[in-house]
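S.K.: Handing you a structure now.
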Amino acid sequence: MTARLNSAQPYAIGLFRIVIGLLFAVHGAASLFGVLGGAMGTNGGTIPSGTWPGWYAAVIQLVAGGLVLLGLGTRAAALVASGSMAYAYFDVHQKAALWPIQNGGELSALFSWAFLLLVFTGSGAFGLDRLFARRTAATPQSAADRAPIAA
């Protein structure tokens, strides 16, 4: 049973990455463009351009969420997304109360930990990272390219 589950692990990680990236990107799109109900607390509106930290967080959500969704630069995008959600939790939510259930920070905490997991697991299956990694691995390198660079 364990071997069968282990063989499916890249596919489970890939699906996890796609869902988390899509949900994150949708938050950014809602805040920036007013789609799908708009930004929270704006009654279907958008966040004013350039306002700190909401507008910048929305840009990070849209861009990093899209990159994670595609599996392109997954680890770097997930690190930025995780950090932005940790900032959101500690700077915005934790001022109200200690526990996420009390301060409304459950989503920030969950996104932060989910993206941190993707930093360590990578894109899994179905990601563009794997497609580009195969291309680079298939490209033959000369001996000069493989030699270490001396300082």
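Labeling convention for the structure tokens: chains A, B, ... as they appear, residues from 1 per chain, ligands from 1 in order of appearance.
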Taking 6 positions as the minimum chain separation for residues in the same chain, which residues sit within 9 Å of A:Val35 when counting only C-alpha atoms? Answer as a ChimeraX atom specification.

M.R.: /A:26,29,44-46

S.K.: Going by DSSP on the backbone, which residues of stretch 33-84 of chain A come out as alpha helix (DSSP H)? List them as a PyMOL selection string.

M.R.: chain A and resi 33+54-70+74-84

S.K.: Could you pull the residues within 6 Å of A:Ser112, counting only C-alpha atoms, minus those fewer than 5 positions along the same chain, as a PyMOL selection string?

M.R.: chain A and resi 82+85-86

S.K.: Might you pull out every residue within 9 Å of A:Ile20, with only C-alpha atoms counted and same-chain residues fewer than 3 positions away left off, and present them as number ranges by chain?

M.R.: A: 15-17, 23-25, 65, 68-69, 111, 114-115

S.K.: Env of A:Leu128: 12 Å cut, atoms = only C-alpha atoms, seq-sep filter 6 positions within chain, self excluded. Answer as a list in words.

M.R.: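 Returned residues: Gly14, Arg17, Ile18, Gly66, Leu67, Val68, Leu69, Leu70, Gly71, Leu72, Gly73, Thr74, Gly122, Arg134 and Arg135 of chain A.
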
S.K.: Report as a list of chain:residue names all protein, DNA and RNA residues lying within 8 Å of A:Arg75, evaluated on only C-alpha atoms, omitting residues in the same chain fewer than 6 positions from it.

M.R.: A:Leu118, A:Val119, A:Phe120, A:Gly122, A:Ser123

S.K.: Would you compute the distance between atom CA of A:Ala3 and atom CA of A:Ala125? Give it in Å to one decimal.

M.R.: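 Going from atom CA of A:Ala3 over to atom CA of A:Ala125 covers 17.4 Å.
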
S.K.: Could you list, as a PDB file with C-alpha atoms, in the first residue's frame, every residue within 8 Å of A:Tyr89, counting only C-alpha atoms and ignoring same-chain residues fewer than 5 positions away?

M.R.:
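Ended up saving to around_14.pdb:
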```
ATOM      1  CA  GLN A  94      -2.461  38.754  14.810  1.00  0.00           C
ATOM      2  CA  GLY A 105      -6.280  34.728   9.765  1.00  0.00           C
ATOM      3  CA  SER A 108      -3.413  33.502   5.548  1.00  0.00           C
ATOM      4  CA  ALA A 109      -1.964  30.802   7.810  1.00  0.00           C
TER       5      ALA A 109
END
```
